[in-house]
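For reference, the structure discussed in these notes is given below.
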Amino acid sequence: MQHRSGQTETPNPAKPARPTGAQGAPLPAEWVRLIDAADGDPAVAPRRAPTLGFLLELFQDEPSIARVEVAPVLLETVAKGHLGRAVPLDSKQLLNAALPEAETRLAASVLGLPQIQRKGRTYAHLAGPFGDALLREILTAAPSLLGGVAGLRLALGQPRPLEWEWQLERDGRQRLLPKLPAHQRLVRIGGLWYLDAERAEFGPLDGDAAEVALVGAPPLSPECAEALAQRIAASPWAARIPAPQAFAAVQRSDLAPKPVTIFQALTRHARIGAGTPPLAYARLAFDYGGECLPGRGGEAVVRRVRNGKLVEIVRKRAEELATMERLESFGLAPAVDCEGLPWDMADALPEDAWVFPGKGYAGALEVNTPARWLGLREKLEKEGFVV
């Protein structure tokens, strides 16, 4: 065709018609999808392949040192590259997951470790030099999420030199631990690692095996501090490990115990229904010059650090027993052996709890109301109790 301008229009080549197969026999949908993908049909939306990821969880078995467990998952990619739902991945599903070869080997390495079933996922505890190497590869090669899909996406942090400090406990004992900022956590796998949640980094602490083993040393008693300081000064670690704090002679504190009662209430239990008052109780403790010691159990001699000095408190058991007899005169009884209190509720209370006995199997539930305990407060204060 020729336009008025004199230019000839070149018609667009027609796209070949899509074959429909034999008459009355439409092509199966899976074949249509595969052929369309080969033709590069833009109308066919390609399927997003799942992404291998790992969910990390920390467990604080010790007060200062955590351990890590990882679970391999398949992460669905949603709009704008964000990660969606995490589908658990186990060894049976791995071969059919259509992952790249490198990701398949990484997932198989984790699934080959001893497994723990939790939350519908398969977790592996990382430990030893193999755990160190595996964690480095996980942080480098796959999305590593702490706290679920909506949590932190961790990256491999830079190695840091291992520095030490002494952590002073309440009773004067000291424990040697790596020095870290307050917002970072210490993790032990084979070596030592730090977790920096503010920067979303998980990195190693550099140190040889002999030095890393120091983190498992028992707490140091005050009597051994000076001898250990001399050994450290003569060792290769003299420039890296500070000397422990040395205390002067132990001061013995001779104080009379002051009884302290703490009112509390049990609000959540299977025996406490809707609209039922909570089970009120009181905990008994003894104040020795500002140091509150439990009314039940505990050592006869307790050490505490006060103003940089080590003080030894000798408990006066006779006066403590006399105080308990005064509580019994108010009609109270220890919860561990109280009439009318079911055993499952007694187990839910602290060992130093006191309650009013009740009649029958569960009569104590009816008489230990918050109102009754508040009415007892004035009487206890007149008897010298701190409430």
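Residues in the structure tokens are numbered from 1 in each chain, the chains being A, B, ... in the order shown, and ligands are numbered from 1 in the order shown.
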| field | strand (DSSP E) call set, DSSP backbone run, range 60-146 of chain A, as a PyMOL selection string | value | chain A and resi 67-77+83-88+115-118+121-125+144-146
May I have the selected residues written with C-alpha atoms, as a PDB file, in the first residue's frame?
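For reference, part.pdb as written:
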```pdb
ATOM      1  CA  ARG A  67      25.085 -21.593  70.507  1.00  0.00           C
ATOM      2  CA  VAL A  68      23.508 -21.500  67.050  1.00  0.00           C
ATOM      3  CA  GLU A  69      21.196 -23.846  65.152  1.00  0.00           C
ATOM      4  CA  VAL A  70      20.292 -23.481  61.463  1.00  0.00           C
ATOM      5  CA  ALA A  71      17.384 -24.771  59.392  1.00  0.00           C
ATOM      6  CA  PRO A  72      17.460 -24.851  55.563  1.00  0.00           C
ATOM      7  CA  VAL A  73      14.308 -23.473  53.913  1.00  0.00           C
ATOM      8  CA  LEU A  74      13.036 -22.569  50.448  1.00  0.00           C
ATOM      9  CA  LEU A  75      12.238 -18.854  50.290  1.00  0.00           C
ATOM     10  CA  GLU A  76       9.576 -17.624  47.919  1.00  0.00           C
ATOM     11  CA  THR A  77      10.393 -14.359  46.155  1.00  0.00           C
ATOM     12  CA  LEU A  83      11.456 -12.673  50.469  1.00  0.00           C
ATOM     13  CA  GLY A  84       8.122 -14.280  51.205  1.00  0.00           C
ATOM     14  CA  ARG A  85       7.078 -17.464  52.924  1.00  0.00           C
ATOM     15  CA  ALA A  86       9.726 -19.900  54.153  1.00  0.00           C
ATOM     16  CA  VAL A  87       8.971 -23.518  53.199  1.00  0.00           C
ATOM     17  CA  PRO A  88      10.805 -26.135  55.310  1.00  0.00           C
ATOM     18  CA  GLN A 115      18.854 -33.062  63.093  1.00  0.00           C
ATOM     19  CA  ILE A 116      16.400 -31.604  65.604  1.00  0.00           C
ATOM     20  CA  GLN A 117      12.709 -31.303  64.655  1.00  0.00           C
ATOM     21  CA  ARG A 118      11.191 -28.047  65.888  1.00  0.00           C
ATOM     22  CA  ARG A 121      11.511 -27.444  60.448  1.00  0.00           C
ATOM     23  CA  THR A 122      14.718 -29.456  60.565  1.00  0.00           C
ATOM     24  CA  TYR A 123      17.433 -27.732  62.622  1.00  0.00           C
ATOM     25  CA  ALA A 124      21.104 -28.657  62.861  1.00  0.00           C
ATOM     26  CA  HIS A 125      23.448 -27.638  65.682  1.00  0.00           C
ATOM     27  CA  SER A 144      20.662 -16.007  56.510  1.00  0.00           C
ATOM     28  CA  LEU A 145      17.744 -14.837  58.629  1.00  0.00           C
ATOM     29  CA  LEU A 146      17.732 -14.408  62.408  1.00  0.00           C
TER      30      LEU A 146
END
```
| query | Any idea what's packed within 7 Å of range 281-296 of chain A, counting only C-alpha atoms, ignoring anything in its chain fewer than 6 positions away? Could you give it as a VMD selection string? | reply | chain A and resid 255 to 265 351 to 355 368
Go ahead and save the picked residues with C-alpha atoms, as a JSON list (two decimals), in the first residue's frame.
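The resulting out_14.json:
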```json
[["chain", "number", "residue", "atom", "x", "y", "z"],
["A", 255, "LEU", "CA", 24.01, -8.71, 111.12],
["A", 256, "ALA", "CA", 20.56, -9.68, 112.37],
["A", 257, "PRO", "CA", 18.20, -10.82, 109.60],
["A", 258, "LYS", "CA", 15.24, -8.57, 108.85],
["A", 259, "PRO", "CA", 12.23, -10.54, 107.50],
["A", 260, "VAL", "CA", 10.84, -9.40, 104.17],
["A", 261, "THR", "CA", 7.52, -10.54, 102.70],
["A", 262, "ILE", "CA", 6.76, -9.97, 99.02],
["A", 263, "PHE", "CA", 3.13, -10.21, 97.96],
["A", 264, "GLN", "CA", 2.53, -11.86, 94.59],
["A", 265, "ALA", "CA", -0.29, -13.66, 92.76],
["A", 351, "GLU", "CA", 9.89, -22.63, 96.94],
["A", 352, "ASP", "CA", 9.76, -19.78, 99.46],
["A", 353, "ALA", "CA", 6.01, -19.10, 99.02],
["A", 354, "TRP", "CA", 3.59, -19.03, 101.96],
["A", 355, "VAL", "CA", -0.22, -19.39, 101.74],
["A", 368, "ASN", "CA", -5.95, -17.00, 99.26]]
```
| field | Selection near range 228-244 of chain A, 7 Å with only C-alpha atoms, sequence-local residues under 4 positions removed, as a PyMOL selection string | value | chain A and resi 163-166+224
Take the residues from that selection and write them out as a compact mmCIF listing (two decimals), in the first residue's frame, keeping N, CA and C atoms.
```txt
# COMPACT_ATOMS: atom_id res chain seq x y z
N GLU A 163 40.06 -10.34 72.42
CA GLU A 163 40.49 -9.61 73.62
C GLU A 163 39.70 -10.14 74.81
N TRP A 164 40.36 -10.12 75.98
CA TRP A 164 39.77 -10.75 77.16
C TRP A 164 39.52 -9.74 78.27
N GLU A 165 38.57 -10.09 79.13
CA GLU A 165 38.29 -9.32 80.35
C GLU A 165 37.74 -10.26 81.41
N TRP A 166 37.83 -9.81 82.65
CA TRP A 166 37.31 -10.61 83.77
C TRP A 166 35.94 -10.08 84.15
N CYS A 224 42.31 -17.69 94.72
CA CYS A 224 43.26 -18.08 93.69
C CYS A 224 43.65 -16.95 92.75
```
| task | Write out as a list in words the residues lying within 8 Å of Pro161 in chain A, counting only C-alpha atoms and excluding same-chain residues fewer than 5 positions away. | result |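 Residues meeting the cut-off are Leu205, Asp206 and Gly207 of chain A.
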| said: Which residues are close to Glu198 in chain A, i.e. within 10 Å by only C-alpha atoms, leaving aside same-chain residues fewer than 3 positions away? Reply as a PyMOL selection string. | reply: chain A and resi 152+183-184+195+201
